[in-house]
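J.: Dropping the structure in here first, questions after.
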Amino acid sequence: MVTTVTSLGRSGLSDWLIARVSAYVMSAYLIFIVGYLMLTPELNYADWAALNSSLPMRMFSLLTILSIAAHAWIGMWCVLTDYVTVRLIGPKATALRIIFQLGMIAITLLYVIWAIDILWGI
Amino acid sequence: MLNVSIYRYNPEVDSEPYMQDFEFDTQGKDVMVLDVLEKLKIEDPTLVFRRSCREGVCGSDGMNISGKNGLACVTPLSEAVKKGKLVIRPLPGLPVIRDLVIDMSQFYAQYEKIQPYMINNTPAPAIERLQSQEERAKLDGLYECILCACCSTACPSFWWNPDKFIGPSGLLQAYRFLADSRDTATEARLANLDDPFSVFRCHGIMNCVQVCPKGLNPTKAIGHIRDMLVRTAT
């Protein structure tokens with residue numbers, strides 16, 4: 001058992017499950033948006049604003065943004081713990097990795113807040 | 001004549017590793033890579049490699065043969081020679097002791113972690129613990145592993161985290177005991193694996209399956225471990 005404090009779910013299984021579920025949500029959103037754009041050839045601002053200001057669409061968009069954030073957190077955490085390690089770059093790696101991880105987490109959370117502001121500001 | 005390029009490194013003499021070229025006369029025969037090494041060792045006795053059974057059972061002569069990990073004793077030249085050249089390097093990712101001999105301590109440390117032995121604290125029966133044919137069949141494709149390390153040293157996740165990720169070989173063995181009907185420590189074994197490194201560093205790229213000289217499928221075993229974790233934890 002290897003303990004971790006900066007991974008998203010703290011457990012391997014939880015991170016694995018979140019990565020899979022979030023991938024399905026992102027795929028569904030992508031299919032929906034592409035489908036909508038293809039089925040609406042003469043799209044205008046009024047239609048687009050109406051779609052995105054409806055509550056179900058806001059919830060779907062928010063769910064997708066949270067999925068992207070969770071997926072990115074898990075993915076970036078994996079990349080950083082693969083390559084920014086004492087084994088690969090020496091003793092300064094631990095401090096560097098913590099800075100990168102906290103920076104990545106902060107940026108992800110700020111993007112989520114910004115996205116909520118945009119979604120509910122339409 | 002076959003051109004053979006071999007990784008050489010003697011830390012007592014060489015400041016850094018280098019590739020040494022040899023010429024080998026195959027006499028038109030499709031011999032095994034180990035036969036080539038044995039002949040070259042007669043020519044140059046300083047060449048060092050591990051070998052024992054020379055028939056794919058002991059797992060001693062795992063090495064990187066023309067870019068792919070495998071056992072020298074069961075890899076024929078017809079498979080190993082690429083563009084008229086045979087390139088032999090030690091298994092990647094672990095420290096080199098000398099020439100083609102690597103330090104496998106990290107590999108064995110991961111193997112030790114999964115407790116590769118039967119755990120059953122119930123009173124032992126008079127003769128033996130019996131299994132049905134179906135229960136025994138679940139161990140096929142698992143018990144055959146010879147710990148040659150070809151799979152784990154072909155795995156990038158093991159290269160980056162050999163101290164934390166158990167690696168395909170260790171996980172195949174972990175599932176061998178999880179799948180055994182006579183073992184009663186399933187819960188404790190699974191609890192030891194549910195962290196982001198031990199099992200879940202596997203991203204399913206299947207290098208292990210591609211190189212296993214025994215034709216085993218560690219990725220499938222890792223999938224079974226994941227399924228067991230999902231069943232018990234959700």
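In the structure tokens, chains take the letters A, B, ... in the order shown, each chain's residues start at 1, and ligands count up from 1 in the order shown.
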What residues in chain A lie within 9 Å of chain B, counting only C-alpha atoms, written as a ChimeraX atom specification?

T.: /A:1-4,7,9-17,78,81-83,85,87-88

J.: Write out, as a compact mmCIF listing (two decimals), in the first residue's frame, the residues just selected, with C-alpha atoms.

T.:
# COMPACT_ATOMS: atom_id res chain seq x y z
CA MET A 1 0.00 0.00 0.00
CA VAL A 2 1.47 3.33 -1.14
CA THR A 3 -0.07 6.40 0.53
CA THR A 4 -0.79 9.58 -1.42
CA SER A 7 -4.26 12.38 -5.84
CA GLY A 9 -9.67 10.43 -4.63
CA ARG A 10 -6.72 9.24 -2.48
CA SER A 11 -7.50 5.68 -3.59
CA GLY A 12 -6.43 4.09 -6.85
CA LEU A 13 -9.84 2.56 -7.41
CA SER A 14 -11.65 5.84 -6.82
CA ASP A 15 -9.37 7.72 -9.26
CA TRP A 16 -9.75 4.95 -11.82
CA LEU A 17 -13.55 5.00 -11.56
CA CYS A 78 -0.08 10.67 -12.97
CA THR A 81 4.37 11.39 -10.30
CA ASP A 82 5.86 9.61 -13.32
CA TYR A 83 8.38 12.22 -14.42
CA THR A 85 10.51 12.23 -9.19
CA ARG A 87 14.60 8.92 -9.11
CA LEU A 88 14.57 10.85 -12.40

J.: Would you mind listing what lies within 10 Å of B:Asp180 as a list in words, with only C-alpha atoms counted and same-chain residues fewer than 3 positions away left out?

T.: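 The neighbour list is Met118, Gln131, Glu135, Arg136, Ala137, Lys138, Leu139, Tyr175, Arg176, Phe177, Asp183, Thr184 and Thr186 of chain B.
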
J.: Output C-alpha atoms for every residue in the selection just made, as a short mmCIF file (atom, residue, chain, number, x, y, z; two decimals), in the first residue's frame.

T.:
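So again08.cif came out as:
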data_model
loop_
_atom_site.label_atom_id
_atom_site.label_comp_id
_atom_site.auth_asym_id
_atom_site.auth_seq_id
_atom_site.Cartn_x
_atom_site.Cartn_y
_atom_site.Cartn_z
CA MET B 118 -0.70 -19.44 0.15
CA GLN B 131 -9.83 -28.06 -5.39
CA GLU B 135 -11.18 -24.01 -9.33
CA ARG B 136 -7.85 -25.40 -10.50
CA ALA B 137 -8.49 -24.21 -14.06
CA LYS B 138 -8.58 -20.61 -12.80
CA LEU B 139 -4.84 -20.83 -12.08
CA TYR B 175 -3.94 -12.54 -9.05
CA ARG B 176 -2.64 -16.12 -8.99
CA PHE B 177 -3.21 -16.11 -5.20
CA ASP B 183 -6.28 -18.93 -0.16
CA THR B 184 -8.32 -17.13 2.52
CA THR B 186 -8.39 -12.24 -0.39
#

J.: Residues near B:Leu47, anyone? I mean within 9 Å using only C-alpha atoms, not counting same-chain ones fewer than 6 positions away, as a PyMOL selection string.

T.: chain B and resi 8+37+40-41+98-100

J.: Take the residues that were just selected and, keeping C-alpha atoms, output them as a JSON list (two decimals), in the first residue's frame.

T.:
[["chain", "number", "residue", "atom", "x", "y", "z"],
["B", 8, "ARG", "CA", 29.20, -3.82, -22.68],
["B", 37, "LEU", "CA", 26.31, -15.53, -26.86],
["B", 40, "LEU", "CA", 31.06, -15.27, -28.47],
["B", 41, "LYS", "CA", 31.95, -15.84, -24.81],
["B", 98, "ARG", "CA", 27.88, -5.76, -15.68],
["B", 99, "ASP", "CA", 27.27, -6.25, -19.44],
["B", 100, "LEU", "CA", 23.91, -8.05, -19.74]]

J.: Please provide the set of residues having any atom within 8 Å of B:Ala174, restricted to only C-alpha atoms, with same-chain residues fewer than 2 positions apart removed, written as a list in words.

T.: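 Here the qualifying residues turn out to be Ile114, Gln115, Pro116, Gly170, Leu171, Leu172, Arg176, Phe177 and Leu178 of chain B.
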
J.: Name the residues in contact with A:Ile116 at a cut-off of 9 Å, using only C-alpha atoms, excluding same-chain residues fewer than 3 positions from it; report them as a PyMOL selection string.

T.: chain A and resi 58+62+65+111-113+119-121
